[in-house]
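Heads up: the structure comes next, in C-alpha cells.
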Amino acid sequence: MGENEAGLPNTSLQGKKMAYQKVSADHKAPGHSQYLDNDDLQATALDLEWDMEKELEEPGFDQFQIDSAESQNLENSETADLNLDSIQPATSPKGRFQRLQEESDYAPCYARSTPRSNHCNFCRLLKILCTATILFIFGILIGYYAHKKCPSNAPPSGTLDHQLYQEILKTIQAEDIKKTFRRLVQLNKGEDDAEISKAIKTQWTSLGLEGVQFVNYSVLLSLPGPWPSSVTLSGGQCFHPDGRPCSADARTRRGQDLLYSYAAYSAKGTLQAEVIDVSYGNADDLKRIKNMKNITNQIALLKLGKLPLLYKLSLLEKAGFGGVLLYIDPCDLPKTANLGYDTFMVSLNPGGDPSTPGYPSVDGSFRQNRSNLTSLLVQPISAALAAKLASSSRDRTKDGVCSPLELPLTEERIVSLQVQTVTTFKTVTNVVGYLKGLTSPDRYVLVGGHHRAAYGHGGQEWASSTAILTALIQALMLRVKKGWRPDRSIVFCSWGGTMFGNIGSYEWGEDFKKVLQRNVVAYVSLHSPIRGNSSLHSVASPSLQQLVAEKNNLNCSRRAQCPEANVSSVQIQGDANYFINQLGVPTVQFAYEDIKALQDPSFLSEAIFPKGATEIEETDPVFKLHETIAKLSGEVILQIANEPVLPFNALDIALEVQNSLKGDQPNTHHLLALASRLRESAELFQSDEMRPANDPKERIPVRVRMLNDILQDMEKSFLVPQVPPGFYRNILYHLDEKTSQFSILLEAWECCKSLASNETVQEALSKVLHSIHSAQVYFQAGLDVFDSVLDGKN
C-alpha cells in the first residue's frame, strides 16, 4: 500500500503539468474578431474537429490523466487551477499543437491560409474546452476528498492494535503459569537467593529477553536471633509468639515459624513492664490512655490496621512507650480466616538499605550504623497469645457479631518481653531484562515482581509473582520473533529483599535515579497478585484510572460472573513504593482479594504470613486467576508501551484533587479556588493538545513527543518533601478506600485535636497548596510551549 501511495504524487503532477500547458496555449491564441462569415466558420469548425480527432488517436494522448495526489490539499489545488495568469507556457517540444505541426501530413491539410476569423472562433472553442476541463478537475477533486472523509470499510488503527494485543495475550495459558509456579517452588533453599536468581535469569534468557543481568547490592539486613522471642507473664508462664508454651520441643518442631515471627529492624533486649491496651494506636486512643495511666516505658498492646504501622509506632515512641506487642484482631479478618496461632513478620524499614539512606549501596559508599530503626522493642504475636493476655478464652462471636479483643484498663498485666534480632550485611540480587523499543527506546515501561530472599521466611507467594512475570515475557517474545517490537522499551524486574523493606527496588532506583527520572513512563506492579479469589482489586494512579477501568469492564464482559471491580488510588505494599514516592511514576496493580478483606481495616497487608504453595493452589486450583492477572497487566503494558500518545488522562488528576478537597474540611476555600484553576488548565490541555494528537490525521511526531514528555511527569508535582512515617509522599494516593481526603491533611487535623497550636495544619495546607499550584503552572507551561511552537512555524 505504501508503494502505491508513493507513486500517486508523480502521476498527478504529470497530469497537472499537461493541463497547465494546454491552458497556456489558449492564452497565446489571437483575440476574437467580430467580422466572421458563416462559410469560414463552418470550414474552420470541420478542420478543427478533424485535428482534435487525429490528436485523440495518438498513442501518447490516452495517457493524459488528471489525478490528485493524497498529499495535495484541496484548497491549494483549487488555487493552482484558478490562477491561470501565473502558469508559464509549456516548454516541452511535444506540446499539444507543436506535435501536430511536426506530423508529415499536417501541411497538406492546412496548406490554405486560415482567415483571422477562424483564429478567433478557434480561440473561443479552446476557452470552452478549458472551462469544461477545469470543471472536470473540480469534480474529480471534490469527489475524491468527499470519498476520503467517508467511513472506510478498513478497520481503524485502534482496532488493529487491539487485535494485535489479543493475539499476543492469547498465548498466555493458565497451565503454563502453573507449571512455572511449581518449578519455582521446588528450587532448593540455599544460604542466599543466588540459586533462585540464576534460575530466573536462565529462563528469561532462554525465552529471548535481551540483556538479562544480575544487579547486586550489599545491604544491612535484620534477621531473627538464634532463639525465638518470648513473652513471660508475671506468674512465670513463658509463651512463644504463637501463643504456645516455651519448650525445647516447640522450638525444634516450629523453629522456622517461630524464628520468623519478628519485627525487622526493631530494638533488641528485654523489658519488664505493664501491658496497656492502646487499641489501634491513633491520636484519640493515646489521648484517652494518657488521661488514665502512666505510659512511660510501658508495653503497648497494639492492633495492626487502619493506619500505617510506622506512623503508629512513631506516636507510641513519642508518647514514651518502651515496647509493643503487635497482633491482628480476628474480628478484622474474613470469617474463613483462622489465624489463632499463626505468627507473622513485619518490617520497620521505610525502604532501601538502612545503612545508606537516600543513596545506593555501591562499593565505596559510606555506611551508617543503624542496627535498629526505632527505640521500641517490637514483637508480633498471634491472636491466641493476645487473648491469653486479655484473660479471654471465650468465644467472642455472638449472633454473628464478633467482639473485638480488649484488655481491661482496670486490670494490671506485668510481662517480660524479650526480643532477639541480628543485623548483618548480605547480598541482595535483582534480575533485570530488557525488551527494547522500536521508535522510543529511551522511554521505559517497568514491570516488577519479586522473588524469595533465602534469608527471609519460607513462604511461596513470591512464586505467583515470578510465574506471571515469566508468562508475560514468553508471550511478548513469541511476537518479537515474528518481527514485532513495541514503540517503547519494556523493562522486566524481579526484585530481591522485598520483605525487608523493598530493598532491591529502592537500591536499584537510587542507583539509576537520574536515568529513571527522565525516562520511566509507568510502573506495572505484580506484587502478591493472588491474596484471595472473590474480587478483583485494581489500584492505579489518577492519570491511569480510566485505562484500568476499561480493562476491568472488558474483563467482566468475558466472565459469566464478575463483581464490580473498583479502581482507586490508595497506598499499596510492595516495590512500587519507590517509583510512586520518589519518582512520581504512574503505577498500576491488579490483584485478587477476598471481598471481606476490602471491607476490613486497611494496612493489614503489612503483616507477612508464610503462605505455602498448597494454600496458593487451593485459592486458585486451575490458575485461572493467575491467567487473568497476567492478561490484564499485559494489556495495560502493551497499550502504554505501544500507543503513540501515552494513555494518561490529565483531567482525571484535576478531578481527583477536587474530590480530595470535598467535605467538611476547614481552611480549604483557597485550595478549592486553586483546584478549580487547575481543572480549567487540565481541560484546556486535554482538548487543545491531547485530542488532536490522538487523531492520526493531525498527529505531528515532534508535538507527540513533547506531549508525552508532559504526560509522563504530571504526578511529580504532587510529591511533597516530608510526610509522617508510613505516609506516601505522593499525596494523590489516599490511605484507604474509605477516605477521599488528602492523607497529610487528615493526619494534621487529628494531631491538631491534642495541640493548642494549629501550626501542623497550616504546614500541611501549605504543602497541598504548593502541589496544586505547581501542577497548574506545569499544565499552563505546557500549553505555552505548544503555542510558541505553532507561532514559530507560522
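Following the order of the C-alpha cells, chains are lettered A, B, ..., residues in each are numbered from 1, and ligands are numbered from 1.
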Would you mind listing what lies within 9 Å of stretch 499-507 of chain A as a PyMOL selection string, with only C-alpha atoms counted and same-chain residues fewer than 3 positions away left out? chain A and resi 215-217+219+221-222+264-265+345-354+358-362+428-430+448+452-453+456-457+493-496+510-512+574-579+608
Find the residues around A:Asp242 up to 9 Å (only C-alpha atoms counted), leave out those fewer than 4 positions away in its own chain, and share them as a list of chain:residue names. A:Asp257, A:Leu258, A:Ser261, A:Gly340, A:Tyr341, A:Asp342, A:Thr343, A:Phe344, A:Pro380, A:Ile381, A:Ser382, A:Ala383, A:Ala384, A:Leu385
Members of stretch 300-390 of chain A assigned strand (DSSP E or B) by DSSP, as a PyMOL selection string: chain A and resi 300-303+323-327+345-347+377-380
Selection from above, all heavy atoms, as a tab-separated table (two decimals), in the first residue's frame, can you write it?
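Below is the file result_36.tsv, written as the result:
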```tsv
chain	number	residue	atom	x	y	z
A	300	ALA	N	2.89	-1.46	74.96
A	300	ALA	CA	1.60	-1.23	74.33
A	300	ALA	C	1.13	-2.51	73.64
A	300	ALA	O	1.91	-3.18	72.95
A	300	ALA	CB	1.70	-0.10	73.33
A	301	LEU	N	-0.14	-2.86	73.86
A	301	LEU	CA	-0.78	-3.94	73.12
A	301	LEU	C	-1.51	-3.30	71.95
A	301	LEU	O	-2.53	-2.64	72.12
A	301	LEU	CB	-1.75	-4.71	74.02
A	301	LEU	CG	-2.45	-5.92	73.39
A	301	LEU	CD1	-1.42	-6.99	73.00
A	301	LEU	CD2	-3.50	-6.50	74.32
A	302	LEU	N	-0.97	-3.46	70.75
A	302	LEU	CA	-1.38	-2.68	69.57
A	302	LEU	C	-1.96	-3.58	68.49
A	302	LEU	O	-1.38	-4.60	68.14
A	302	LEU	CB	-0.16	-1.92	69.02
A	302	LEU	CG	-0.36	-1.12	67.73
A	302	LEU	CD1	-1.31	0.05	67.96
A	302	LEU	CD2	0.98	-0.63	67.19
A	303	LYS	N	-3.12	-3.16	67.98
A	303	LYS	CA	-3.72	-3.86	66.84
A	303	LYS	C	-3.14	-3.31	65.54
A	303	LYS	O	-2.96	-2.10	65.38
A	303	LYS	CB	-5.24	-3.66	66.82
A	303	LYS	CG	-5.98	-4.29	67.98
A	303	LYS	CD	-7.47	-4.04	67.84
A	303	LYS	CE	-8.23	-4.62	69.03
A	303	LYS	NZ	-9.68	-4.41	68.93
A	323	GLY	N	7.95	-0.61	74.67
A	323	GLY	CA	7.80	-1.83	73.88
A	323	GLY	C	6.41	-1.94	73.28
A	323	GLY	O	5.47	-1.24	73.70
A	324	VAL	N	6.26	-2.84	72.30
A	324	VAL	CA	4.98	-3.03	71.60
A	324	VAL	C	4.77	-4.51	71.34
A	324	VAL	O	5.67	-5.18	70.81
A	324	VAL	CB	4.94	-2.26	70.26
A	324	VAL	CG1	3.64	-2.54	69.53
A	324	VAL	CG2	5.11	-0.76	70.48
A	325	LEU	N	3.60	-5.01	71.69
A	325	LEU	CA	3.13	-6.34	71.28
A	325	LEU	C	2.09	-6.13	70.19
A	325	LEU	O	1.03	-5.53	70.44
A	325	LEU	CB	2.53	-7.10	72.47
A	325	LEU	CG	3.52	-7.49	73.57
A	325	LEU	CD1	2.79	-8.12	74.75
A	325	LEU	CD2	4.58	-8.44	73.03
A	326	LEU	N	2.40	-6.58	69.01
A	326	LEU	CA	1.59	-6.29	67.83
A	326	LEU	C	0.80	-7.52	67.42
A	326	LEU	O	1.36	-8.62	67.30
A	326	LEU	CB	2.52	-5.87	66.68
A	326	LEU	CG	1.90	-5.47	65.36
A	326	LEU	CD1	1.08	-4.19	65.52
A	326	LEU	CD2	2.99	-5.26	64.31
A	327	TYR	N	-0.50	-7.37	67.19
A	327	TYR	CA	-1.33	-8.51	66.79
A	327	TYR	C	-2.45	-8.06	65.85
A	327	TYR	O	-2.69	-6.85	65.68
A	327	TYR	CB	-1.93	-9.19	68.03
A	327	TYR	CG	-3.07	-8.45	68.68
A	327	TYR	CD1	-4.40	-8.84	68.49
A	327	TYR	CD2	-2.84	-7.33	69.49
A	327	TYR	CE1	-5.44	-8.17	69.09
A	327	TYR	CE2	-3.87	-6.65	70.09
A	327	TYR	CZ	-5.18	-7.06	69.89
A	327	TYR	OH	-6.22	-6.39	70.48
A	345	MET	N	5.47	-11.69	60.31
A	345	MET	CA	6.63	-10.81	60.35
A	345	MET	C	6.23	-9.43	59.85
A	345	MET	O	5.34	-9.30	59.00
A	345	MET	CB	7.75	-11.37	59.47
A	345	MET	CG	8.93	-10.43	59.26
A	345	MET	SD	9.92	-10.89	57.83
A	345	MET	CE	10.97	-9.43	57.67
A	346	VAL	N	6.87	-8.40	60.36
A	346	VAL	CA	6.72	-7.04	59.84
A	346	VAL	C	8.11	-6.44	59.68
A	346	VAL	O	9.06	-6.88	60.32
A	346	VAL	CB	5.86	-6.15	60.75
A	346	VAL	CG1	4.43	-6.65	60.81
A	346	VAL	CG2	6.47	-6.04	62.14
A	347	SER	N	8.20	-5.44	58.82
A	347	SER	CA	9.45	-4.70	58.66
A	347	SER	C	9.22	-3.25	59.07
A	347	SER	O	8.22	-2.64	58.68
A	347	SER	CB	9.94	-4.75	57.22
A	347	SER	OG	11.10	-3.95	57.06
A	377	LEU	N	10.99	-1.91	71.57
A	377	LEU	CA	11.07	-3.36	71.40
A	377	LEU	C	9.74	-3.81	70.80
A	377	LEU	O	8.70	-3.74	71.47
A	377	LEU	CB	11.31	-4.06	72.74
A	377	LEU	CG	12.61	-3.76	73.48
A	377	LEU	CD1	12.62	-4.46	74.84
A	377	LEU	CD2	13.80	-4.20	72.66
A	378	VAL	N	9.76	-4.24	69.54
A	378	VAL	CA	8.52	-4.58	68.83
A	378	VAL	C	8.50	-6.07	68.58
A	378	VAL	O	9.46	-6.63	68.03
A	378	VAL	CB	8.40	-3.81	67.50
A	378	VAL	CG1	7.08	-4.14	66.82
A	378	VAL	CG2	8.53	-2.30	67.74
A	379	GLN	N	7.38	-6.74	68.98
A	379	GLN	CA	7.26	-8.17	68.79
A	379	GLN	C	5.85	-8.52	68.29
A	379	GLN	O	4.86	-8.30	68.99
A	379	GLN	CB	7.52	-8.93	70.10
A	379	GLN	CG	7.34	-10.43	70.02
A	379	GLN	CD	8.24	-11.06	68.97
A	379	GLN	OE1	9.45	-10.84	69.00
A	379	GLN	NE2	7.67	-11.83	68.06
A	380	PRO	N	5.73	-9.06	67.07
A	380	PRO	CA	4.43	-9.55	66.62
A	380	PRO	C	4.04	-10.82	67.38
A	380	PRO	O	4.88	-11.69	67.64
A	380	PRO	CB	4.66	-9.86	65.14
A	380	PRO	CG	5.94	-9.16	64.77
A	380	PRO	CD	6.76	-9.14	66.01
```
Just want the 9 Å neighbourhood of stretch 638-642 of chain A, counted on only C-alpha atoms, with same-chain residues fewer than 3 positions away dropped. Output as a PyMOL selection string. chain A and resi 161-162+165+437+443-445+485-490+521-522+633-635+645-648
Go ahead and write the selection's residues with N, CA and C atoms as a PDB file, in the first residue's frame.
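And here is the file that came out, out_9.pdb:
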```
ATOM      1  N   ASP A 161      -4.605  -2.369  16.537  1.00  0.00           N
ATOM      2  CA  ASP A 161      -3.771  -2.513  17.721  1.00  0.00           C
ATOM      3  C   ASP A 161      -4.411  -3.465  18.718  1.00  0.00           C
ATOM      4  N   HIS A 162      -5.720  -3.333  18.917  1.00  0.00           N
ATOM      5  CA  HIS A 162      -6.410  -4.214  19.862  1.00  0.00           C
ATOM      6  C   HIS A 162      -6.320  -5.667  19.410  1.00  0.00           C
ATOM      7  N   TYR A 165      -2.866  -6.905  20.247  1.00  0.00           N
ATOM      8  CA  TYR A 165      -2.714  -7.186  21.672  1.00  0.00           C
ATOM      9  C   TYR A 165      -3.357  -8.525  22.036  1.00  0.00           C
ATOM     10  N   GLY A 437      12.540  -0.891  22.746  1.00  0.00           N
ATOM     11  CA  GLY A 437      11.519  -0.330  21.885  1.00  0.00           C
ATOM     12  C   GLY A 437      12.049   0.016  20.507  1.00  0.00           C
ATOM     13  N   ARG A 443      12.434   5.397  26.387  1.00  0.00           N
ATOM     14  CA  ARG A 443      11.289   5.526  27.289  1.00  0.00           C
ATOM     15  C   ARG A 443      10.939   4.134  27.794  1.00  0.00           C
ATOM     16  N   TYR A 444      10.837   3.995  29.132  1.00  0.00           N
ATOM     17  CA  TYR A 444      10.735   2.669  29.743  1.00  0.00           C
ATOM     18  C   TYR A 444       9.383   2.468  30.425  1.00  0.00           C
ATOM     19  N   VAL A 445       8.811   1.295  30.198  1.00  0.00           N
ATOM     20  CA  VAL A 445       7.685   0.802  30.987  1.00  0.00           C
ATOM     21  C   VAL A 445       8.238  -0.294  31.893  1.00  0.00           C
ATOM     22  N   ARG A 485       7.913  -5.251  17.503  1.00  0.00           N
ATOM     23  CA  ARG A 485       8.507  -4.661  18.703  1.00  0.00           C
ATOM     24  C   ARG A 485       7.617  -3.534  19.196  1.00  0.00           C
ATOM     25  N   PRO A 486       7.585  -3.304  20.496  1.00  0.00           N
ATOM     26  CA  PRO A 486       6.817  -2.159  20.991  1.00  0.00           C
ATOM     27  C   PRO A 486       7.530  -0.859  20.654  1.00  0.00           C
ATOM     28  N   ASP A 487       6.796   0.243  20.695  1.00  0.00           N
ATOM     29  CA  ASP A 487       7.420   1.544  20.436  1.00  0.00           C
ATOM     30  C   ASP A 487       8.386   1.922  21.551  1.00  0.00           C
ATOM     31  N   ARG A 488       7.972   1.657  22.799  1.00  0.00           N
ATOM     32  CA  ARG A 488       8.818   1.990  23.955  1.00  0.00           C
ATOM     33  C   ARG A 488       9.411   0.718  24.540  1.00  0.00           C
ATOM     34  N   SER A 489      10.510   0.872  25.262  1.00  0.00           N
ATOM     35  CA  SER A 489      11.164  -0.284  25.865  1.00  0.00           C
ATOM     36  C   SER A 489      10.368  -0.772  27.071  1.00  0.00           C
ATOM     37  N   ILE A 490      10.371  -2.078  27.277  1.00  0.00           N
ATOM     38  CA  ILE A 490       9.749  -2.697  28.445  1.00  0.00           C
ATOM     39  C   ILE A 490      10.864  -3.331  29.267  1.00  0.00           C
ATOM     40  N   VAL A 521       8.102   5.915  32.132  1.00  0.00           N
ATOM     41  CA  VAL A 521       6.765   6.456  31.886  1.00  0.00           C
ATOM     42  C   VAL A 521       5.710   5.790  32.762  1.00  0.00           C
ATOM     43  N   ALA A 522       5.932   4.547  33.222  1.00  0.00           N
ATOM     44  CA  ALA A 522       4.928   3.871  34.047  1.00  0.00           C
ATOM     45  C   ALA A 522       5.561   2.674  34.739  1.00  0.00           C
ATOM     46  N   SER A 633      -2.725  -7.222  33.162  1.00  0.00           N
ATOM     47  CA  SER A 633      -1.464  -6.478  33.252  1.00  0.00           C
ATOM     48  C   SER A 633      -0.815  -6.351  31.884  1.00  0.00           C
ATOM     49  N   GLY A 634      -0.853  -7.445  31.099  1.00  0.00           N
ATOM     50  CA  GLY A 634      -0.240  -7.429  29.775  1.00  0.00           C
ATOM     51  C   GLY A 634      -0.889  -6.433  28.839  1.00  0.00           C
ATOM     52  N   GLU A 635      -2.212  -6.317  28.902  1.00  0.00           N
ATOM     53  CA  GLU A 635      -2.883  -5.375  28.007  1.00  0.00           C
ATOM     54  C   GLU A 635      -2.540  -3.935  28.367  1.00  0.00           C
ATOM     55  N   VAL A 645       0.432   8.138  21.605  1.00  0.00           N
ATOM     56  CA  VAL A 645       0.216   9.076  22.707  1.00  0.00           C
ATOM     57  C   VAL A 645      -0.039   8.260  23.970  1.00  0.00           C
ATOM     58  N   LEU A 646       0.686   8.541  25.026  1.00  0.00           N
ATOM     59  CA  LEU A 646       0.521   7.805  26.276  1.00  0.00           C
ATOM     60  C   LEU A 646      -0.935   7.872  26.737  1.00  0.00           C
ATOM     61  N   PRO A 647      -1.518   6.746  27.130  1.00  0.00           N
ATOM     62  CA  PRO A 647      -2.944   6.721  27.502  1.00  0.00           C
ATOM     63  C   PRO A 647      -3.183   7.238  28.922  1.00  0.00           C
ATOM     64  N   PHE A 648      -2.666   8.426  29.202  1.00  0.00           N
ATOM     65  CA  PHE A 648      -2.833   9.060  30.506  1.00  0.00           C
ATOM     66  C   PHE A 648      -3.890  10.153  30.391  1.00  0.00           C
TER      67      PHE A 648
END
```
Name all residues at most 10 Å from A:Asp736 (count only C-alpha atoms; drop same-chain ones fewer than 6 positions away) and give them as a short mmCIF file (atom, residue, chain, number, x, y, z; two decimals) with C-alpha atoms, in the first residue's frame.
```
data_model
loop_
_atom_site.label_atom_id
_atom_site.label_comp_id
_atom_site.auth_asym_id
_atom_site.auth_seq_id
_atom_site.Cartn_x
_atom_site.Cartn_y
_atom_site.Cartn_z
CA LYS A 306 -6.36 1.37 59.96
CA LEU A 307 -3.16 3.46 59.86
CA SER A 568 -8.73 3.54 43.34
CA SER A 569 -5.53 5.38 44.21
CA VAL A 570 -4.61 4.00 47.63
CA GLN A 571 -1.36 3.12 49.35
CA ILE A 572 -0.17 -0.37 48.49
CA LEU A 598 -11.58 -5.00 51.13
CA PRO A 601 -9.29 -2.06 58.15
CA SER A 602 -6.51 -1.12 55.79
CA PHE A 603 -2.82 -1.90 56.24
CA SER A 743 -3.86 11.93 53.84
#
```
For A:Ile772, find every residue with an atom within 9 Å (counting only C-alpha atoms), except residues of its own chain fewer than 4 positions away, and show them as a PDB file with N, CA and C atoms, in the first residue's frame.
```pdb
ATOM      1  N   ALA A 654      -6.858  16.445  37.916  1.00  0.00           N
ATOM      2  CA  ALA A 654      -7.523  17.630  38.448  1.00  0.00           C
ATOM      3  C   ALA A 654      -8.810  17.259  39.183  1.00  0.00           C
ATOM      4  N   VAL A 657      -7.993  15.850  42.587  1.00  0.00           N
ATOM      5  CA  VAL A 657      -7.640  16.915  43.528  1.00  0.00           C
ATOM      6  C   VAL A 657      -8.901  17.577  44.078  1.00  0.00           C
ATOM      7  N   LEU A 671      -7.735  26.559  48.664  1.00  0.00           N
ATOM      8  CA  LEU A 671      -7.309  25.379  47.906  1.00  0.00           C
ATOM      9  C   LEU A 671      -8.341  25.030  46.842  1.00  0.00           C
ATOM     10  N   LEU A 674      -7.939  27.296  43.875  1.00  0.00           N
ATOM     11  CA  LEU A 674      -6.752  26.909  43.098  1.00  0.00           C
ATOM     12  C   LEU A 674      -7.003  25.610  42.340  1.00  0.00           C
ATOM     13  N   ALA A 675      -7.726  24.673  42.959  1.00  0.00           N
ATOM     14  CA  ALA A 675      -8.051  23.410  42.285  1.00  0.00           C
ATOM     15  C   ALA A 675      -8.954  23.650  41.082  1.00  0.00           C
ATOM     16  N   LEU A 678      -6.749  24.714  38.330  1.00  0.00           N
ATOM     17  CA  LEU A 678      -6.035  23.525  37.836  1.00  0.00           C
ATOM     18  C   LEU A 678      -6.922  22.739  36.878  1.00  0.00           C
ATOM     19  N   SER A 717       4.453  16.775  40.368  1.00  0.00           N
ATOM     20  CA  SER A 717       4.085  17.994  41.091  1.00  0.00           C
ATOM     21  C   SER A 717       3.502  17.694  42.465  1.00  0.00           C
ATOM     22  N   PHE A 718       3.054  16.471  42.692  1.00  0.00           N
ATOM     23  CA  PHE A 718       2.362  16.129  43.935  1.00  0.00           C
ATOM     24  C   PHE A 718       3.254  15.347  44.907  1.00  0.00           C
ATOM     25  N   LYS A 767       1.642  22.602  52.052  1.00  0.00           N
ATOM     26  CA  LYS A 767       2.179  21.568  51.160  1.00  0.00           C
ATOM     27  C   LYS A 767       1.198  21.224  50.048  1.00  0.00           C
ATOM     28  N   VAL A 768      -0.076  21.090  50.412  1.00  0.00           N
ATOM     29  CA  VAL A 768      -1.085  20.780  49.393  1.00  0.00           C
ATOM     30  C   VAL A 768      -1.234  21.945  48.420  1.00  0.00           C
ATOM     31  N   GLN A 776      -0.766  23.275  38.303  1.00  0.00           N
ATOM     32  CA  GLN A 776      -1.439  24.236  37.429  1.00  0.00           C
ATOM     33  C   GLN A 776      -0.438  24.975  36.552  1.00  0.00           C
ATOM     34  N   VAL A 777       0.677  25.386  37.154  1.00  0.00           N
ATOM     35  CA  VAL A 777       1.741  26.050  36.390  1.00  0.00           C
ATOM     36  C   VAL A 777       2.328  25.107  35.348  1.00  0.00           C
TER      37      VAL A 777
END
```
Residue neighbourhood A:Glu412, 12 Å, only C-alpha atoms, exclusion window fewer than 4 positions, as a compact mmCIF listing (two decimals) with N, CA and C atoms, in the first residue's frame:
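Generated output (out.txt):
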```txt
# COMPACT_ATOMS: atom_id res chain seq x y z
N LEU A 233 4.66 -14.11 81.47
CA LEU A 233 3.71 -13.45 82.35
C LEU A 233 4.27 -13.35 83.76
N SER A 234 3.61 -12.56 84.59
CA SER A 234 4.08 -12.33 85.95
C SER A 234 4.09 -13.62 86.78
N ALA A 273 7.47 -4.78 82.03
CA ALA A 273 6.60 -3.61 82.22
C ALA A 273 5.15 -4.04 82.13
N GLU A 274 4.30 -3.08 82.38
CA GLU A 274 2.85 -3.33 82.30
C GLU A 274 2.40 -3.27 80.84
N VAL A 275 1.48 -4.16 80.51
CA VAL A 275 0.88 -4.16 79.17
C VAL A 275 -0.36 -3.28 79.20
N ILE A 276 -0.41 -2.28 78.29
CA ILE A 276 -1.53 -1.35 78.21
C ILE A 276 -2.15 -1.47 76.82
N ASP A 277 -3.45 -1.70 76.80
CA ASP A 277 -4.17 -1.84 75.53
C ASP A 277 -4.37 -0.45 74.91
N LYS A 293 -3.54 6.48 82.65
CA LYS A 293 -2.39 5.71 83.15
C LYS A 293 -1.08 6.39 82.82
N GLN A 298 6.23 1.73 79.25
CA GLN A 298 5.34 0.57 79.35
C GLN A 298 5.27 -0.15 78.00
N ILE A 299 4.55 -1.28 77.98
CA ILE A 299 4.42 -2.08 76.76
C ILE A 299 3.01 -1.89 76.20
N LEU A 389 -3.33 -12.78 77.13
CA LEU A 389 -3.02 -11.57 77.89
C LEU A 389 -4.29 -10.86 78.37
N ALA A 390 -5.33 -10.97 77.59
CA ALA A 390 -6.60 -10.36 77.97
C ALA A 390 -7.43 -11.28 78.86
N SER A 391 -6.89 -12.47 79.19
CA SER A 391 -7.61 -13.47 80.00
C SER A 391 -8.97 -13.77 79.39
N LEU A 407 -8.22 -5.48 76.44
CA LEU A 407 -7.57 -5.71 77.73
C LEU A 407 -8.12 -4.69 78.72
N PRO A 408 -8.80 -5.14 79.77
CA PRO A 408 -9.41 -4.19 80.72
C PRO A 408 -8.37 -3.24 81.31
```
What is the atom CA of A:Thr421 to atom CA of A:Thr356 distance in Å? 19.9 Å
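Using only C-alpha atoms, the nearest neighbour of A:Arg479 within the list A:Gln722, A:Leu209, A:Leu632, A:His773 is A:Leu209.
Counting from atom CA of A:Gly269, the distance to atom CA of A:Thr374 is 12.7 Å.
Going from atom CA of A:Thr232 to atom CA of A:Lys268 covers 16.0 Å.
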